[in-house]
Structure formats: C-alpha cells, structure tokens
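Notes follow the structure.
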2 protein chains.
Amino acid sequence: MYDKVIEGVLNKDRRMVARAISLIENNDNGRTKILSEIYPHTGNAYVIGITGAPGAGKSSLVDCLLSTLRQQGLSVGVIAVDPTSPFTGGAILGDRIRMQEHALDKEVFIRSMGTRGSLGGLSRATKEAVQVLDAAGKDVIIIETVGVGQSEVDIIKYADTTIVVLTPAGGDSVQTIKAGIMEIADIFIVNKSDLPGADRTASEISMMLDLGGSLREWRPSIVRTITLDGSGITDMHKAIFEHRDFLENSGHLQKVRKERIRRDIIDLIEYRIKSTVWEQISGSEEFDLLTNQIMSRETDPYTAAAQILTGINLDKCKV
Amino acid sequence: MYDKVIEGVLNKDRRMVARAISLIENNDNGRTKILSEIYPHTGNAYVIGITGAPGAGKSSLVDCLLSTLRQQGLSVGVIAVDPTSPFTGGAILGDRIRMQEHALDKEVFIRSMGTRGSLGGLSRATKEAVQVLDAAGKDVIIIETVGVGQSEVDIIKYADTTIVVLTPAGGDSVQTIKAGIMEIADIFIVNKSDLPGADRTASEISMMLDLGGSLREWRPSIVRTITLDGSGITDMHKAIFEHRDFLENSGHLQKVRKERIRRDIIDLIEYRIKSTVWEQISGSEEFDLLTNQIMSRETDPYTAAAQILTGINLDKCKV
C-alpha cells in the first residue's frame, strides 16, 4: 500500500499526494517509509512563507501570488496552516473558498492544516507536507500561516523566502510586530495600502530596519499591495524572485538548507528518544510513586528525574 | 554563594529573589541546586494567569487586581512575560511604569521576562520564577502574557486560574479567539466595556461556551470591566476566588497540580537527554558527513538519524 502511495506522489497523482500527507499527519506506521523514500526526489521546490495577523489579507495575497506564478507556468502547492484551529486534513477554511478557481487546475495543490494535538506536531507535519509536495514536483510551495507568534515562526522557518503581511490600520501596527518577526521577514507587505496610514506603516518598517538590520546582508523589501485591484502584486512577485536570486548567488540558500537538515536530524533523534522514554515511563509504578512524593514535598522533581533516568533503558531507541 | 541566595529567597529577601530568578534565567550552574532546595517550600501560592491580545488592557487589569489583593492583605508576585520581546531581567516595559505605585510595597514583587533565546526556555524560566516567588512566600502569583497564541498557552499552563482578556472592538473579536484559548479560559474578561459592542462580545463568548463547553464541570465566568474607573474589578476578583473554591472543593486543584508535576519530571528527563545528545553530536565528523550526504540526496535524514543514534552514548545522561 505504501509503495503505491509513494509511486503516486512521484507520479504527481493528486489523490496520492493528499493520501500521503494524511498518512504523515496521522503519524501512520508508514510515515517514515514514505518520507525516506520520497526524500531523494526533494530539494527542488522553492518554499515561500507568508505570515501576518488575522485579517491582514494573507489568503487574498496567496490567491494573487498563485495566479502570477501560474502565469509563469510554475506548478504550485499551498499549505494553509492555522495553529489555533483544531481542524485539519483538507478542511476548507472560509476564505479558502476564494481559491476554488484554482481547485480545478491540476498544477495547483491546496491543503489546510490545523493543530490536531501538539503544536510541535503541526510544525513537523507542515515540514513533511512540504516534502511531499516537493517530491510531487511542485516548483513553488507556499506556506501560509495565521498570526505572528513564536509558533508561526517555528512553522515558517522551512520557507526560503518569508513574507510578513501588515496593514496600515488596526492592532497589528509595526510596534506590535516585535523582534522575532522583524528578524524572519525577507519581504514586508503593507497590504490594504489604500487605507490611511499606509505611508506611516511603510516608513515605520523602514525605520526599524535602519535601527536593527545593518548587519544583515539582505535588506528586506517593503512592498505595498491592494489585493482588491491587484496593485503591487507584480512588485511582490518581483521581490520574491529578487530574494531568491540573492539567496542563490550569495550561497545563503545552500547554507540555510544545510542548517535545516542538521536541525531535522536532531529533531528526529530527539523524537525517537522521547518516544522511548515515554513508553517506559507511562504507567510505571516508580513514576507514580515519585509524583506522589513530590506532591507531599518529600522529594523534588530534579531528584526524581535523575532517579527515573537511571532506570530507563535508552538503548531501546537504537533499534 | 548559592546557599546565600537560597536562604535569602526563603527569608523573602527581595534582592535575593531577583538574584535567584536571574541565575535560573541565565541557566547558571547553580540552577538545579537552587530549584531543588527551594522546592520543599513551594506549593502554597495560588497562580493566576492573564492573557489576551496586545492592547486589551492586561497590565491595567493586573494593576487593579494587585490593589484588591493587597487590600486583602495578600502578598503578590507578578511575572510579566513577553514572548515576542528579547528583553528580560527586570527590564521595565512601557506600561509597567504604572505599576510603580506598588514598587515600594515590600509585599509585591514585579518581574518582566522576555525570550532571550528559545521559547521553550521562556516557558521553563517562567515556571521556575513562579517557584522562586512561591518559595519566597508570595500568596498569589500573577503571570501576565502578551498574545493569545500557542506560546502563551504553554506559558499560562502553570496557572491555577486562567483569565483571557478581550475587548469589544478591534481584531481580537471572539471569532479570532480560537479553540485553544477557549479551552484554557476559566474566566473571560470583556475589558473596555464602555466601548460599543461589549454586549455582543459577551454574548458571543456565552454562545461559544454553550456550543463547546457542555462537558466541562466549570463554566467560565464572563466579567465586564472598565479599568479606567475600576468597574467590574470586584467582580473579577470574586470570579477568581470562586474558581479557586471550585478547584479546591472538586479536587481538581490536586489533580491539575499532580499532572503538572508529571509533566515537569518528563521535561527534566527530556532536557537532560537532549543536552547529552547535543554534546556528542555538535562538532562530530559523522554528523557533518551525513549532513553533506543528505544535501546531495545520497541518504535521507531518517536513515542518518538512526545511524547517529547507534553511536551515541546515552548513558552519559545518567550521571
């Protein structure tokens, strides 16, 4: 069965792509087999991340971007991640409906993902869905994620080019876009630029970049857009490809992707060890006993952790 | 030196409390010693978490709550966490200045914490700062955190009572407060209730609770406040103590605290193992070699992780 799914992914069979992502998301037994066998066929897609506060207009921007990329003849995968939503697996989000015009386009694959359990899991599932789409030959993969917190930073870090979307009005003023986000943005979009305050928002971003970004080799572009009439979409598209050229010519792309692989290996090792620890701890009498002793302050978690560690057979994770 | 700090904390010496938190936050060598030795003196404080979007008025609410708790004769610790800020260690946030009136009150201890590195680190540092304040005899500890994303959920989970602050206007409408937040809230505050839409916000929350919360034993209270004139502050105070009574009488408090200890033990074990793995991997030639082989698609991260695991001496974490 897994062989059929893998073959389907490599043959760009949309149903099998969807199937593979579902299997991975559900942590199916075949997950590692699928991922390791498609791996040799990955590394060709360019990954774009789009993040910003709810209501900033990310979905509309993705919609516009999709159209321009398709006009270029590129095949595109979109992964819409909502870390605050428990819904997942192809669930059609409200504003996803606008993307319907692309739904019949065979060169476009759109997928929504929600938390379903832990956030670490979502970040991992997103990364792995990118790999599936990459192996299925998508030229460009767009990760769209709601919000601008740490969880979104974790998700977006698999993107080669990261776009942060702001709007002139509202609570997502530049002031609230703190350090973490300023650091990950390669391109700032001031969307809804027809609203009052667009100039100020753009110049505030520019000022923040002047203050903090002098050591960076890439100065993030600032692009104004109005999705309603398509203003600035060409500029956004251009900014993305300029950034890609920069990454490729400067050797940064190689460097970043290498660092990502190192992180992947470590994550996999840690995940394996954690599972082993959990298998041996959960339901163990010693664990329960120590928990009670900590409750009554007879011992403390630090001493208990050391004691439990002594008893765990860690070699079990080496199978 | 650490003995002096520990003694100081237990003697409620404010300077030593600040010192202990800094040492822990900086992951000083004495961290585990301090935490395990103060541990027997913890478990007495009641922990309140306050979260909500930027600009919702959390700091003003904390300010008001501080005053009412002090009038009750309770000593209070406040930990203001900003996951998006790199600043930390007593850095005075802008709106922290309003708390100055409490700064001279010896029974009040206020501390700001920012990311300084990883978010996992912040969540851990917050928990441990709570332990220090608990050991230093604070009756109530308030954790205030910006935003309503997953990172805040992780931080706020050390609270016994969690308050989610909303406002009638703006982008933080009930609709954007998704599942994750609805689940952690024990009390909803509709702040700035003098603004238009307060009724609607309150009834929207109520509707969401009707939809999803029927299985919960505690139905979250909804309290309207106006911090400018102090309206609703008494109700908020009352709601907190009602929730505490519920937790104590129903046995939930014991259950939740026990679950938290179990999580603590596991976190400590995992942290220890991760450090051991990292020590042996970083700088290892095999790791570099495998990374390059993955880059050229000669192998994949899954095979590489298994291979590296075989070579790691995991018993080193059992010291």
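Residues are referred to by chain and number: the chain letter is A, B, ... according to the order shown in the structure tokens, the number counts from 1 in that chain, and ligands are numbered separately from 1 in the order shown.
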All Cα atoms, paired in order, least squares: that's the fit I need for chain B onto chain A, output as a short mmCIF file (atom, residue, chain, number, x, y, z; two decimals) with C-alpha atoms, in the first residue's frame.
data_model
loop_
_atom_site.label_atom_id
_atom_site.label_comp_id
_atom_site.auth_asym_id
_atom_site.auth_seq_id
_atom_site.Cartn_x
_atom_site.Cartn_y
_atom_site.Cartn_z
CA MET B 1 -0.03 0.02 0.03
CA TYR B 2 2.74 2.49 0.98
CA ASP B 3 4.60 1.69 -2.24
CA LYS B 4 1.53 2.68 -4.20
CA VAL B 5 1.28 5.96 -2.30
CA ILE B 6 4.97 6.72 -2.82
CA GLU B 7 4.77 5.87 -6.51
CA GLY B 8 1.65 8.04 -6.78
CA VAL B 9 3.38 11.02 -5.17
CA LEU B 10 6.34 10.74 -7.51
CA ASN B 11 3.92 10.46 -10.45
CA LYS B 12 2.18 13.67 -9.29
CA ASP B 13 -1.08 11.85 -8.64
CA ARG B 14 -3.09 14.40 -6.65
CA ARG B 15 -5.11 11.79 -4.80
CA MET B 16 -1.96 10.03 -3.64
CA VAL B 17 -0.35 13.32 -2.63
CA ALA B 18 -3.37 14.04 -0.42
CA ARG B 19 -3.21 10.49 0.89
CA ALA B 20 0.47 10.71 1.72
CA ILE B 21 -0.01 13.96 3.66
CA SER B 22 -2.91 12.45 5.60
CA LEU B 23 -0.89 9.37 6.51
CA ILE B 24 1.99 11.51 7.69
CA GLU B 25 -0.28 13.88 9.59
CA ASN B 26 -1.92 10.93 11.34
CA ASN B 27 1.48 9.58 12.25
CA ASP B 28 0.71 6.36 10.41
CA ASN B 29 3.14 3.44 10.65
CA GLY B 30 4.21 4.08 7.09
CA ARG B 31 5.21 7.67 7.80
CA THR B 32 8.97 7.15 7.97
CA LYS B 33 8.94 4.80 4.99
CA ILE B 34 7.10 7.33 2.84
CA LEU B 35 9.28 10.24 3.92
CA SER B 36 12.59 8.46 3.52
CA GLU B 37 11.68 7.02 0.11
CA ILE B 38 10.48 10.30 -1.35
CA TYR B 39 13.44 12.17 0.13
CA PRO B 40 15.83 11.67 -2.82
CA HIS B 41 13.26 13.43 -4.99
CA THR B 42 13.06 16.54 -2.83
CA GLY B 43 15.09 19.73 -2.72
CA ASN B 44 13.86 21.22 -5.98
CA ALA B 45 10.90 23.28 -4.82
CA TYR B 46 11.23 26.88 -3.74
CA VAL B 47 9.38 27.49 -0.48
CA ILE B 48 7.66 30.80 0.29
CA GLY B 49 6.22 31.53 3.73
CA ILE B 50 3.50 34.13 4.35
CA THR B 51 2.53 35.18 7.83
CA GLY B 52 0.67 38.05 9.47
CA ALA B 53 -2.14 38.85 11.86
CA PRO B 54 -5.67 37.55 11.22
CA GLY B 55 -7.45 39.81 8.76
CA ALA B 56 -4.27 41.18 7.20
CA GLY B 57 -5.27 39.66 3.86
CA LYS B 58 -2.84 36.76 3.61
CA SER B 59 -5.23 34.48 1.75
CA SER B 60 -6.00 37.12 -0.87
CA LEU B 61 -2.29 37.71 -1.35
CA VAL B 62 -1.68 33.98 -1.73
CA ASP B 63 -4.49 33.94 -4.24
CA CYS B 64 -2.89 36.71 -6.29
CA LEU B 65 0.54 35.16 -6.01
CA LEU B 66 -0.84 31.83 -7.17
CA SER B 67 -2.18 33.47 -10.31
CA THR B 68 1.10 35.17 -11.19
CA LEU B 69 3.11 32.00 -10.56
CA ARG B 70 0.73 30.01 -12.73
CA GLN B 71 1.04 32.60 -15.50
CA GLN B 72 4.76 31.94 -15.33
CA GLY B 73 4.01 28.27 -15.94
CA LEU B 74 5.11 27.16 -12.46
CA SER B 75 3.26 24.46 -10.55
CA VAL B 76 2.32 25.47 -7.01
CA GLY B 77 1.48 23.82 -3.71
CA VAL B 78 -0.22 25.78 -0.92
CA ILE B 79 -0.23 24.69 2.71
CA ALA B 80 -2.51 26.87 4.82
CA VAL B 81 -1.64 26.38 8.47
CA ASP B 82 -3.81 27.58 11.31
CA PRO B 83 -2.10 26.82 14.63
CA THR B 84 -5.19 27.91 16.53
CA SER B 85 -7.57 25.63 14.67
CA PRO B 86 -8.19 22.03 15.58
CA PHE B 87 -9.43 21.38 12.05
CA THR B 88 -7.20 19.76 9.53
CA GLY B 89 -6.95 17.43 6.60
CA GLY B 90 -8.35 19.33 3.69
CA ALA B 91 -10.86 21.20 5.81
CA ILE B 92 -11.92 24.15 3.70
CA LEU B 93 -11.37 27.32 5.69
CA GLY B 94 -13.83 30.10 5.00
CA ASP B 95 -11.54 32.24 2.92
CA ARG B 96 -10.12 29.22 1.21
CA ILE B 97 -13.22 29.25 -0.93
CA ARG B 98 -11.81 32.09 -2.96
CA MET B 99 -9.08 29.74 -4.05
CA GLN B 100 -11.66 27.54 -5.70
CA GLU B 101 -10.80 29.00 -9.08
CA HIS B 102 -7.51 27.17 -8.78
CA ALA B 103 -9.13 24.00 -7.50
CA LEU B 104 -9.59 22.57 -10.96
CA ASP B 105 -6.06 23.49 -12.01
CA LYS B 106 -4.05 20.26 -11.92
CA GLU B 107 -0.81 22.13 -11.33
CA VAL B 108 -2.13 23.58 -8.06
CA PHE B 109 -2.50 21.66 -4.81
CA ILE B 110 -4.08 23.35 -1.79
CA ARG B 111 -4.15 21.90 1.69
CA SER B 112 -5.28 23.20 5.09
CA MET B 113 -3.65 22.02 8.29
CA GLY B 114 -4.67 22.61 11.91
CA THR B 115 -3.21 21.65 15.24
CA ARG B 116 -4.71 18.24 15.89
CA GLY B 117 -2.78 17.70 19.06
CA SER B 118 0.50 19.31 19.80
CA LEU B 119 1.98 22.28 18.09
CA GLY B 120 5.34 20.60 17.70
CA GLY B 121 3.34 18.09 15.71
CA LEU B 122 1.92 20.77 13.46
CA SER B 123 5.28 22.28 12.72
CA ARG B 124 6.61 18.82 11.86
CA ALA B 125 3.57 17.91 9.77
CA THR B 126 3.92 21.15 7.82
CA LYS B 127 7.55 20.45 7.05
CA GLU B 128 6.73 16.95 5.93
CA ALA B 129 3.81 18.11 3.78
CA VAL B 130 6.29 20.45 2.08
CA GLN B 131 8.49 17.42 1.37
CA VAL B 132 5.60 15.52 -0.19
CA LEU B 133 4.68 18.45 -2.45
CA ASP B 134 8.36 18.90 -3.30
CA ALA B 135 8.68 15.22 -4.27
CA ALA B 136 5.48 15.57 -6.29
CA GLY B 137 7.28 18.09 -8.47
CA LYS B 138 5.77 21.37 -7.31
CA ASP B 139 8.03 24.22 -8.40
CA VAL B 140 6.89 26.56 -5.67
CA ILE B 141 5.34 25.75 -2.30
CA ILE B 142 3.59 28.47 -0.30
CA ILE B 143 3.14 28.06 3.45
CA GLU B 144 0.50 30.45 4.73
CA THR B 145 0.14 30.76 8.48
CA VAL B 146 -2.10 32.84 10.72
CA GLY B 147 -0.64 35.12 13.35
CA VAL B 148 2.76 36.38 14.21
CA GLY B 149 3.71 34.52 17.37
CA GLN B 150 6.49 32.09 18.08
CA SER B 151 4.48 29.13 16.82
CA GLU B 152 4.25 30.74 13.40
CA VAL B 153 7.94 31.46 13.44
CA ASP B 154 8.56 27.76 14.02
CA ILE B 155 6.33 26.84 11.11
CA ILE B 156 7.61 29.45 8.73
CA LYS B 157 11.25 28.57 9.25
CA TYR B 158 11.03 25.97 6.49
CA ALA B 159 10.47 28.77 3.99
CA ASP B 160 13.28 30.05 1.78
CA THR B 161 11.61 33.46 1.47
CA THR B 162 9.45 34.72 4.30
CA ILE B 163 6.83 37.39 3.75
CA VAL B 164 5.31 39.28 6.68
CA VAL B 165 1.99 40.96 5.90
CA LEU B 166 0.96 44.12 7.76
CA THR B 167 -1.89 46.57 7.27
CA PRO B 168 -1.90 50.32 7.89
CA ALA B 169 -4.73 50.23 10.40
CA GLY B 170 -5.52 48.10 13.37
CA GLY B 171 -3.70 46.50 16.21
CA ASP B 172 -1.04 44.93 14.07
CA SER B 173 0.87 48.19 13.89
CA VAL B 174 4.58 47.96 13.41
CA GLN B 175 5.07 48.51 17.11
CA THR B 176 3.41 45.21 17.97
CA ILE B 177 5.47 43.35 15.40
CA LYS B 178 8.30 42.63 17.72
CA ALA B 179 11.83 41.43 17.30
CA GLY B 180 11.10 37.81 16.41
CA ILE B 181 9.11 38.76 13.35
CA MET B 182 11.36 41.56 12.19
CA GLU B 183 14.15 39.03 12.10
CA ILE B 184 12.41 36.43 9.97
CA ALA B 185 10.96 38.79 7.35
CA ASP B 186 12.66 38.87 3.97
CA ILE B 187 9.83 40.90 2.48
CA PHE B 188 7.32 43.15 4.21
CA ILE B 189 3.96 43.62 2.54
CA VAL B 190 1.87 46.63 3.52
CA ASN B 191 -1.47 45.31 2.35
CA LYS B 192 -4.65 47.38 2.07
CA SER B 193 -2.39 50.25 1.06
CA ASP B 194 -5.40 52.28 0.02
CA LEU B 195 -6.24 52.75 3.70
CA PRO B 196 -4.97 55.82 5.53
CA GLY B 197 -1.65 55.33 7.30
CA ALA B 198 0.00 53.20 4.64
CA ASP B 199 2.85 55.70 4.23
CA ARG B 200 3.43 55.76 7.96
CA THR B 201 3.41 51.97 8.24
CA ALA B 202 5.94 51.66 5.43
CA SER B 203 8.22 54.28 6.90
CA GLU B 204 7.96 52.75 10.36
CA ILE B 205 9.12 49.43 8.96
CA SER B 206 11.93 51.18 7.17
CA MET B 207 12.98 52.89 10.37
CA MET B 208 13.00 49.65 12.29
CA LEU B 209 15.17 48.13 9.59
CA ASP B 210 17.55 51.06 9.81
CA LEU B 211 17.81 50.58 13.54
CA GLY B 212 18.35 46.88 13.72
CA GLY B 213 19.29 45.48 10.38
CA SER B 214 22.62 46.98 9.47
CA LEU B 215 24.44 43.70 9.93
CA ARG B 216 22.19 41.79 7.56
CA GLU B 217 23.32 41.22 4.03
CA TRP B 218 19.75 41.28 2.73
CA ARG B 219 17.71 44.36 3.46
CA PRO B 220 14.07 43.24 3.46
CA SER B 221 11.99 44.78 0.71
CA ILE B 222 8.86 46.73 1.58
CA VAL B 223 6.04 46.31 -0.93
CA ARG B 224 2.63 47.96 -0.85
CA THR B 225 -0.31 46.01 -2.17
CA ILE B 226 -4.05 46.32 -2.65
CA THR B 227 -5.40 42.87 -3.35
CA LEU B 228 -8.81 44.18 -4.43
CA ASP B 229 -7.42 45.75 -7.61
CA GLY B 230 -4.19 43.79 -7.82
CA SER B 231 -1.92 46.80 -7.15
CA GLY B 232 1.58 45.85 -6.13
CA ILE B 233 1.20 42.13 -6.86
CA THR B 234 3.79 42.33 -9.64
CA ASP B 235 6.14 44.10 -7.22
CA MET B 236 5.61 41.40 -4.61
CA HIS B 237 6.32 38.74 -7.21
CA LYS B 238 9.45 40.58 -8.28
CA ALA B 239 10.63 41.00 -4.68
CA ILE B 240 10.31 37.26 -4.10
CA PHE B 241 12.42 36.39 -7.10
CA GLU B 242 14.98 39.05 -6.23
CA HIS B 243 15.31 37.48 -2.80
CA ARG B 244 15.67 34.04 -4.33
CA ASP B 245 18.42 35.31 -6.63
CA PHE B 246 20.17 36.85 -3.65
CA LEU B 247 19.98 33.57 -1.71
CA GLU B 248 21.29 31.57 -4.63
CA ASN B 249 24.06 33.90 -5.67
CA SER B 250 25.33 34.58 -2.17
CA GLY B 251 25.42 30.92 -1.19
CA HIS B 252 22.89 31.56 1.57
CA LEU B 253 20.38 29.11 0.14
CA GLN B 254 22.86 26.23 0.46
CA LYS B 255 23.82 27.35 3.94
CA VAL B 256 20.25 27.68 5.18
CA ARG B 257 19.18 24.37 3.71
CA LYS B 258 22.17 22.64 5.26
CA GLU B 259 21.35 24.12 8.64
CA ARG B 260 17.76 22.92 8.20
CA ILE B 261 18.97 19.37 7.54
CA ARG B 262 21.10 19.45 10.67
CA ARG B 263 18.06 20.57 12.66
CA ASP B 264 15.99 17.82 11.02
CA ILE B 265 18.42 15.11 12.06
CA ILE B 266 18.49 16.36 15.63
CA ASP B 267 14.69 16.61 15.74
CA LEU B 268 14.37 13.03 14.54
CA ILE B 269 16.86 11.77 17.12
CA GLU B 270 15.13 13.64 19.91
CA TYR B 271 11.74 12.42 18.84
CA ARG B 272 12.96 8.83 18.87
CA ILE B 273 14.43 9.18 22.34
CA LYS B 274 11.34 10.91 23.70
CA SER B 275 9.12 8.11 22.45
CA THR B 276 11.35 5.53 24.10
CA VAL B 277 11.35 7.42 27.38
CA TRP B 278 7.60 7.87 27.31
CA GLU B 279 6.96 4.18 26.56
CA GLN B 280 8.94 3.15 29.61
CA ILE B 281 7.69 5.85 31.95
CA SER B 282 3.97 5.93 31.29
CA GLY B 283 2.21 3.53 33.57
CA SER B 284 5.37 2.84 35.56
CA GLU B 285 4.83 2.41 39.29
CA GLU B 286 8.04 4.24 40.15
CA PHE B 287 6.84 7.27 38.22
CA ASP B 288 3.54 7.32 40.10
CA LEU B 289 5.24 6.83 43.43
CA LEU B 290 7.71 9.64 42.83
CA THR B 291 4.92 11.95 41.67
CA ASN B 292 3.12 11.39 44.97
CA GLN B 293 6.31 11.97 46.93
CA ILE B 294 6.81 15.26 45.11
CA MET B 295 3.21 16.25 45.83
CA SER B 296 3.88 15.80 49.53
CA ARG B 297 7.25 17.56 49.18
CA GLU B 298 9.19 14.47 50.34
CA THR B 299 11.31 14.78 47.22
CA ASP B 300 11.61 17.21 44.31
CA PRO B 301 11.27 16.82 40.53
CA TYR B 302 15.03 17.23 39.99
CA THR B 303 15.97 14.34 42.24
CA ALA B 304 13.09 12.26 40.86
CA ALA B 305 14.07 12.86 37.23
CA ALA B 306 17.64 11.74 37.92
CA GLN B 307 16.37 8.62 39.66
CA ILE B 308 13.99 7.66 36.83
CA LEU B 309 16.67 8.27 34.21
CA THR B 310 18.90 5.71 35.89
CA GLY B 311 16.27 3.06 35.37
CA ILE B 312 15.41 3.75 31.74
CA ASN B 313 16.83 1.51 29.03
CA LEU B 314 17.78 4.12 26.48
CA ASP B 315 19.32 1.58 24.12
CA LYS B 316 15.82 0.64 23.08
CA CYS B 317 15.70 3.72 20.91
CA LYS B 318 18.63 2.42 18.91
CA VAL B 319 16.69 -0.32 17.17
#
Identify all residues of range 37-86 of chain A in strand (DSSP E) (DSSP on the backbone) and supply them as a list in words.
-> Tyr46, Val47, Ile48, Gly49, Ile50, Thr51, Gly52, Val76, Gly77, Val78, Ile79, Ala80, Val81 and Asp82 of chain A
Residues of range 27-96 of chain A in alpha helix (DSSP H) according to DSSP, as a list in words?
->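 Answer for range 27-96 of chain A, restricted to alpha helix (DSSP H): Arg31, Thr32, Lys33, Ile34, Leu35, Ser36, Glu37, Ile38, Lys58, Ser59, Ser60, Leu61, Val62, Asp63, Cys64, Leu65, Leu66, Ser67, Thr68, Leu69, Arg70 and Gln71 of chain A.
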